[in-house]
Amino acid sequence: MENTYLGLVLAPLAGAIIAGLFGKQVGRAGAHWVTILGVGISFILSVLVFKHHVFDGGATYNETVYTWMVSDGITFQIGFLVDQLTALMICVVTFVSLMVHIYTIGYMHDDPGYQRFFSYIALFTFSMLMLVMSNNFMQLFFGWEAVGLVSYLLIGFWFKKDTAIYANLKAFLVNRVGDFGFLLGIAAVLMYFGSLNYADVFALAPSLKDSTVEVFPGTEWSLMTMVCILLFIGAMGKSAQVPLHVWLPDSMEGPTPISALIHAATMVTAGVFMVARMSPLYEYSETALGFVMVIGAITAFFMGLVGIVQNDIKRVVAYSTLSQLGYMMVAAGASAYAAAIFHLMTHAFFKALLFLAAGSVIIAMHHKQDIREMGGLKKYMPITYWTSLFGSLALIGFPGTSGFFSKDAIIEAVHASSVPGADIAYWAVLLGVFITALYSFRMFFLVFHGKERMDHHTKEHLHETPWVVTGPLMLLAIPSLIIGYLTVESVLFGDYFKDAIFVLPEHNVLAKIGENYTSEIGFVLHGMMAPPFWLAMGGLFTAWFIYMKKPEIADNIKNNMQWIYKLLDKKYFADEFNEAFFAGGSRGIGRLLWRNGDIRIIDGLMVNGSANSIGWLSSVVRHVQTGYLYHYAFVMIVGLMLLLGWHLF
Amino acid sequence: MNFDYTQLIPLLPEITVLTMACLVLVVDVYKTSKDSNLTYYLTQLTLVMAAILTIALPATETNRVFNGMFVADSMSDLLKLFIYIVSFMVFVYSREYLRAREMYRGEYFVLGLFGILGMMIMVSAHNLLMVYLGLELLSLCLYAMVAMQRNVVTVSEAAMKYFVLGALASGMLLYGMSLLYGATGTLDIVEMSNKLSTGDLSSSLIMITGMVFLITGLGFKLGAVPFHMWVPDVYHGAPTSVTLYIGAAPKIAAFALVMRLLVEGLGSMQAQWQDILIIMTVLSLFVGNVIAIAQTNIKRMLAYSTISHVAYLLLGIIAGTQSGYVASMFYVIVYAIMSMAAFGMILFLSRAGFEADSLDDLKGLNERSPWYAFMMLIVMFSMAGVPPLLGFWAKLAVLKAVVEVDLVWLAVTAVAFSIIGAFYYLRVVKLMYFDKAEDTNDFIAGPDMRFFLSANALAILGLGIFPGGLLSLCASALGM
Amino acid sequence: MYELIGLSGPQIVFYIFSSMLVISALMVITVRNPVRAALFLVLAFFSASAIWLLLEAEFLAITLVLVYVGAVMVLFLFVVMMLDINMVPLQEGFTRYLPLGLAIAVIIVFELSLVLGPENFGLEKFAAPAAHTADYSNTKAIGSILYTDYVYPFEVAAVILLVAIIAAIALTFRRRVGTKTQKPEEQVAVRREDRVRLVKMKAEKR
């Protein structure tokens, strides 16, 4: 199997290299063919791997492929850990990636950076696969940083746009904060577990669960809690959890295909995947689980609220992503890792679908993104309309759609959980359902129904997008609708994950829910009677009522509740706060250090000072090399004499 | 006494090189056209044949023949292979240069081949007599090759200096050997080491004196301070293609000598040679890195850079552990690869009547050819030890070896000097990328040179990203 | 054995020749006249070969005299005489560097005397090798091991000589344009037609 895994990872890389370095030679068509071929191979191999591990019962593969270096007894390796969790992830990643590749042909059709774009997204696929297939922390970190890099490059893809540059710098800096924690976490693992290999670390975890560390004198911290929270800080950056969420909405400056691929379906869920992968560590720290859950709940609820007031079509979807990521984190915090991954999978399909549909709308609208200028697109773009409807239904958790199964499972799991903070989280995710429905259908109605508010010129050119765009939409709509129904039993309540995810018996909330589980249909029927369904319906209805039936209500609310509107519109002033406090503060410190430290001490005294003195020394010492033969011989003999004397006397 | 012919088998590569060298000599006399490439191709063929033989007859265990005068082990195999590879590249790089200077003659290649034979003998020497003979064979070829462009004044000067100082060093080495022979009664390295391991012979004054003389000779070959004085003048004065020859492969052979003599022969005197090597290393670090800054000639600068690289190479030996020797071996191979590329670039930029050996000649290389500027950038960064290039791993390996034996101060010194050294490597990069080009002529190099030079530099990058293979090759060559 | 001030006969001979060797070697580098220096070198070779004779290495001793004194040094003398080296500039600075050089030399001699003194290399430290019988042939002994045990170094030494020949030719041989040399093969192969031209002329009218 090793060759399969290698081929799986390297095929997109090869595509990326060819499209990136030889873009001119292969041309535009060449670039998309070669990368689609690479990702296509990858997808087929992923399916084979999935079949091997899931249906044929193939044993978990955990091998080192290449030992990069050995330093001080620690080996740094490139290796693959492929089990059911990995198999699921690679299928999702390669499938969505393939769809996005095809979609890009249409979306980027006239862009001068066509080859570059394909190179980047193929490179992203490679990095993401490296991340999920890793069997050690170093490679995890490599993948983590590599996807971050590609994300950075792609957000700033239109690098002549100031906002894009601002956004990618912001994403970069915020992620740096998260990565700092992540790196500290990995360092802590290395320090206390003495290995970077997952298997070794997990094997040691039970014996170290009660050990404490004293980082600052006088404080005793549980080792597990510290490691888990540090790693989670990394996840907070990558998966955009409060308060490190600020970069994700801005990342929408990038082209839409990557918003779908990177900032919805795959990269941002890396944090969730990481927590699930580290379940043998998280299970031993209730504090960390509670932390994960509360952060997730805050993100899920408050980011959803912001989504209601956004007018940029992509930003609405972006806030919805933030909120859904919060759901996944909540599930992970409740030890329902399977539910988290399950939601990750369903979310990847329907959110990619929603983004691509949004992109399709954007193409039709000639790159206008304001939903206030849309409306009534239903008759112009039937395919986009229907696929968006399916995506939105899945998002709000309409019974029977894939989103329903995963979201309901999360809410139930949190309800059953006893981790500290579970009760707050329960209310947050429950009310979140209402909000989700409200903002999703607000957007849906504003875009596809009602008055046609666009200008005359745009209206004349409105038409359905080409097949390379609608094809992926339809292909993504299918799993958005049915994948939940097909897999809910084995993933959530069956033994799909086997040993890939570790849950302590006392935390096993899914098993508790599973006692009442009869069948998929039973789950649906039960869901119809549970509060989330009615909340969702309520949200849907409210959206219809406010934005379709009586639009003046919206304005009324906006005028009467000015401060709330302002708060939401400004996204809780997070950006302003960061700008003033962190950015301003660090600039201030930087200026201070630069003036006093850098210019005077480092530049003046140390750099120039030492450079000058070395230069002077050099110009003096070089005169030893006189060019006279007898001087040379003399030096040799004196050297010999001194060396002899060293030992004789 | 019957001669056991099977003992010739491990010598087959040497025999091949010798036979072919003689053949090349004769063919060259009878070849019709002056510019014919026959000699060149035969020479390269010889190296390929030798490489094939060395690979086909790997020494699975230490195999000593001719009364222990010749040894074939995995270390000698690996080092010989790299000597072939490096020499092959040297000849490729030299071709256009030699042609442009009317040095494209059979003697250059014949002497080159004999020099390679000398290196091979050194690598496989297990007897002081063979050490000396191999060394002399190599040195003689080098002296003659340096002097070949005799109508240029700097060349004759360099050759004269090299010859006289080399003779002095040889004398010292020989004197040291005679003292060792006097004390132990044997020339055989293994026997000598056996004699030393019993009794207190290893702390006797005779042995120590002999050892100091021996190290003097080795230090000269390596170019370690204070026996380095020839290096800048010879590197500078010699035709660049010869500088390239001297700078690359012979260092590998010299490393083999250090291993054979100090480690295998005088291993039990480690306490004694360690401090001498430390003194030489610290001095070399100082001289190599500091004086290089004041140079304006790139060949001279690289000569000083060699001196500092030798110091790093010695760090691993100083550590005196198996991993230290592995690190040193790794370093010397890496160094050979890097210096090949660096001098190769000078050859690449030169043409008939123009020697691109001033730092100013590199100005604005990026405008003239971004690709080769990038290649040179890789080489310079690697020499400075910037990760993830090959040079970084080599430095890391030797420093690690030194730290492991608690010589932290030495490692810190080495790092501090490497920072100083980074200055002059980075200056080259600055000249290439930020200055205006003064020379705007086209490059004359042929496709073979372009290909190998690029491959050479890219290997530094590629092996730098995946250093494991080469490192484990070195480790297994030393039986780790 | 004769005993003289505590020394046996061979010892006396040894000391005589070794002091001759050291003194003549010193003279080689100190005398002003290069011809004299070369002659002192000849003397040094003689003394060395005498010492080898004491060691029963007759063959080597004779070879040293034959090859070095007979061939090499004579050639050397020719060269020295032909070159007419002006020694004055070469000796400039000699006195300036003399004190320093002398000091270094003294230190090294002192260091080496510590090592090479009788406590390390004294006669009592090494047993004298057993004397050989009268029919023992040193030459034969060398011959029998040179081509068997030492065949490998012997061959390598031969290669070194070959390289020396190649190097010497490569460095000195140059085909000068326009030199007037005799070409015997052409002189021998010359035919009448090449040199003599018979011209038939009509008789001039008067």
# chains A, B, ... in the order shown; residues from 1 in each chain; ligands from 1
>>> interface_residues(of="chain B", to="chain A", cutoff="6 Å", atoms="only C-alpha atoms", output="number ranges by chain")
B: 226-227, 229, 290-291, 294, 468
>>> write_last_selection(atoms="N, CA and C atoms", output="short mmCIF file (atom, residue, chain, number, x, y, z; two decimals), in the first residue's frame")
data_model
loop_
_atom_site.label_atom_id
_atom_site.label_comp_id
_atom_site.auth_asym_id
_atom_site.auth_seq_id
_atom_site.Cartn_x
_atom_site.Cartn_y
_atom_site.Cartn_z
N PRO B 226 48.81 26.33 11.02
CA PRO B 226 49.70 27.26 10.32
C PRO B 226 50.40 26.67 9.10
N PHE B 227 49.86 25.63 8.53
CA PHE B 227 50.52 25.04 7.36
C PHE B 227 49.72 25.34 6.10
N MET B 229 49.89 28.32 4.36
CA MET B 229 50.33 29.51 3.63
C MET B 229 50.29 29.33 2.11
N VAL B 290 38.36 35.30 8.78
CA VAL B 290 38.62 36.74 8.92
C VAL B 290 39.34 37.29 7.69
N ILE B 291 40.37 36.58 7.23
CA ILE B 291 41.13 37.17 6.11
C ILE B 291 40.31 37.15 4.82
N ALA B 294 38.78 40.37 3.53
CA ALA B 294 39.54 41.44 2.89
C ALA B 294 39.89 41.12 1.44
N GLY B 468 19.31 12.76 4.44
CA GLY B 468 19.39 11.46 5.11
C GLY B 468 20.19 10.43 4.34
#
>>> closest_atom_pairs(of="chain C", to="chain A", cutoff="12 Å", atoms="only C-alpha atoms", output="JSON lines")
{"residue": "C:Leu90", "atom": "CA", "partner": "A:Tyr630", "partner_atom": "CA", "distance": 11.4}
{"residue": "C:Gly93", "atom": "CA", "partner": "A:Tyr630", "partner_atom": "CA", "distance": 11.3}
{"residue": "C:Phe94", "atom": "CA", "partner": "A:Tyr630", "partner_atom": "CA", "distance": 11.2}
{"residue": "C:Tyr97", "atom": "CA", "partner": "A:His631", "partner_atom": "CA", "distance": 10.5}
{"residue": "C:Leu100", "atom": "CA", "partner": "A:Phe634", "partner_atom": "CA", "distance": 10.2}
{"residue": "C:Gly101", "atom": "CA", "partner": "A:Phe634", "partner_atom": "CA", "distance": 8.4}
{"residue": "C:Leu102", "atom": "CA", "partner": "A:Phe634", "partner_atom": "CA", "distance": 11.8}
{"residue": "C:Ala103", "atom": "CA", "partner": "A:Val638", "partner_atom": "CA", "distance": 10.6}
{"residue": "C:Ile104", "atom": "CA", "partner": "A:Val638", "partner_atom": "CA", "distance": 7.1}
{"residue": "C:Ala105", "atom": "CA", "partner": "A:Met641", "partner_atom": "CA", "distance": 9.1}
{"residue": "C:Val106", "atom": "CA", "partner": "A:Met641", "partner_atom": "CA", "distance": 10.4}
{"residue": "C:Ile107", "atom": "CA", "partner": "A:Met641", "partner_atom": "CA", "distance": 7.5}
{"residue": "C:Ile108", "atom": "CA", "partner": "A:Met641", "partner_atom": "CA", "distance": 6.0}
{"residue": "C:Val109", "atom": "CA", "partner": "A:Met641", "partner_atom": "CA", "distance": 9.7}
{"residue": "C:Phe110", "atom": "CA", "partner": "A:Gly645", "partner_atom": "CA", "distance": 10.2}
{"residue": "C:Glu111", "atom": "CA", "partner": "A:Gly645", "partner_atom": "CA", "distance": 7.1}
{"residue": "C:Leu112", "atom": "CA", "partner": "A:Leu644", "partner_atom": "CA", "distance": 8.9}
{"residue": "C:Ser113", "atom": "CA", "partner": "A:Leu648", "partner_atom": "CA", "distance": 11.1}
{"residue": "C:Leu114", "atom": "CA", "partner": "A:Leu648", "partner_atom": "CA", "distance": 8.3}
{"residue": "C:Val115", "atom": "CA", "partner": "A:Leu648", "partner_atom": "CA", "distance": 8.6}
>>> write_last_selection(atoms="C-alpha atoms", output="PDB file, in the first residue's frame")
ATOM      1  CA  LEU C  90      69.832  35.785  -2.747  1.00  0.00           C
ATOM      2  CA  GLY C  93      68.480  39.898   4.374  1.00  0.00           C
ATOM      3  CA  PHE C  94      70.332  36.847   5.500  1.00  0.00           C
ATOM      4  CA  TYR C  97      66.827  37.128   9.626  1.00  0.00           C
ATOM      5  CA  LEU C 100      65.477  34.910  14.565  1.00  0.00           C
ATOM      6  CA  GLY C 101      66.223  31.929  12.391  1.00  0.00           C
ATOM      7  CA  LEU C 102      69.011  30.873  14.641  1.00  0.00           C
ATOM      8  CA  ALA C 103      66.782  31.115  17.691  1.00  0.00           C
ATOM      9  CA  ILE C 104      64.120  28.953  16.081  1.00  0.00           C
ATOM     10  CA  ALA C 105      66.722  26.458  14.960  1.00  0.00           C
ATOM     11  CA  VAL C 106      68.161  26.266  18.441  1.00  0.00           C
ATOM     12  CA  ILE C 107      64.752  25.667  19.943  1.00  0.00           C
ATOM     13  CA  ILE C 108      63.928  22.919  17.475  1.00  0.00           C
ATOM     14  CA  VAL C 109      67.282  21.273  17.960  1.00  0.00           C
ATOM     15  CA  PHE C 110      66.718  21.432  21.664  1.00  0.00           C
ATOM     16  CA  GLU C 111      63.239  19.965  21.362  1.00  0.00           C
ATOM     17  CA  LEU C 112      64.458  17.162  19.172  1.00  0.00           C
ATOM     18  CA  SER C 113      67.416  16.438  21.409  1.00  0.00           C
ATOM     19  CA  LEU C 114      64.961  15.844  24.230  1.00  0.00           C
ATOM     20  CA  VAL C 115      63.332  13.199  22.153  1.00  0.00           C
TER      21      VAL C 115
END
>>> closest_atom_pairs(of="chain C", to="chain B", cutoff="8 Å", atoms="only C-alpha atoms", output="JSON lines")
{"residue": "C:Val115", "atom": "CA", "partner": "B:Ile206", "partner_atom": "CA", "distance": 5.8}
{"residue": "C:Leu116", "atom": "CA", "partner": "B:Ile206", "partner_atom": "CA", "distance": 7.4}
{"residue": "C:Asn120", "atom": "CA", "partner": "B:Ile206", "partner_atom": "CA", "distance": 7.5}
{"residue": "C:Thr148", "atom": "CA", "partner": "B:Phe3", "partner_atom": "CA", "distance": 7.8}
{"residue": "C:Asp149", "atom": "CA", "partner": "B:Asn67", "partner_atom": "CA", "distance": 6.8}
{"residue": "C:Tyr150", "atom": "CA", "partner": "B:Phe66", "partner_atom": "CA", "distance": 7.7}
{"residue": "C:Tyr152", "atom": "CA", "partner": "B:Phe66", "partner_atom": "CA", "distance": 6.9}
{"residue": "C:Pro153", "atom": "CA", "partner": "B:Met130", "partner_atom": "CA", "distance": 6.3}
{"residue": "C:Val156", "atom": "CA", "partner": "B:Leu133", "partner_atom": "CA", "distance": 6.8}
{"residue": "C:Ala157", "atom": "CA", "partner": "B:Leu133", "partner_atom": "CA", "distance": 6.7}
{"residue": "C:Val159", "atom": "CA", "partner": "B:Leu137", "partner_atom": "CA", "distance": 7.7}
{"residue": "C:Ile160", "atom": "CA", "partner": "B:Leu137", "partner_atom": "CA", "distance": 5.3}
{"residue": "C:Val163", "atom": "CA", "partner": "B:Cys141", "partner_atom": "CA", "distance": 7.0}
{"residue": "C:Ala164", "atom": "CA", "partner": "B:Leu140", "partner_atom": "CA", "distance": 7.1}
{"residue": "C:Ile166", "atom": "CA", "partner": "B:Glu107", "partner_atom": "CA", "distance": 7.5}
{"residue": "C:Ala167", "atom": "CA", "partner": "B:Ala144", "partner_atom": "CA", "distance": 5.6}
{"residue": "C:Ala168", "atom": "CA", "partner": "B:Ala144", "partner_atom": "CA", "distance": 8.0}
{"residue": "C:Ala170", "atom": "CA", "partner": "B:Glu107", "partner_atom": "CA", "distance": 6.6}
{"residue": "C:Leu171", "atom": "CA", "partner": "B:Met148", "partner_atom": "CA", "distance": 6.1}
>>> write_last_selection(atoms="C-alpha atoms", output="short mmCIF file (atom, residue, chain, number, x, y, z; two decimals), in the first residue's frame")
data_model
loop_
_atom_site.label_atom_id
_atom_site.label_comp_id
_atom_site.auth_asym_id
_atom_site.auth_seq_id
_atom_site.Cartn_x
_atom_site.Cartn_y
_atom_site.Cartn_z
CA VAL C 115 63.33 13.20 22.15
CA LEU C 116 66.25 11.72 20.31
CA ASN C 120 65.09 7.08 24.09
CA THR C 148 57.48 -10.16 -3.64
CA ASP C 149 56.48 -8.51 -0.40
CA TYR C 150 57.07 -5.02 -1.65
CA TYR C 152 53.02 -3.00 -4.66
CA PRO C 153 55.06 -0.05 -3.37
CA VAL C 156 53.78 2.66 -7.32
CA ALA C 157 57.28 4.07 -7.10
CA VAL C 159 54.52 5.12 -11.53
CA ILE C 160 55.90 8.09 -9.66
CA VAL C 163 54.84 10.82 -13.78
CA ALA C 164 58.07 12.66 -13.14
CA ILE C 166 55.82 13.07 -18.12
CA ALA C 167 55.81 16.18 -15.97
CA ALA C 168 59.33 17.10 -16.90
CA ALA C 170 55.31 18.50 -20.41
CA LEU C 171 56.85 21.43 -18.61
#
>>> residues_around(residues="range 326-340 of chain B", least_positions_apart="4", cutoff="8 Å", atoms="only C-alpha atoms", output="PyMOL selection string")
chain B and resi 82+86+89-90+244+247-249+251-252+255+309+312-317+322+344+379+382-383+390-391+394-395+397-398+401+456-457+460+470-471+474-475+478
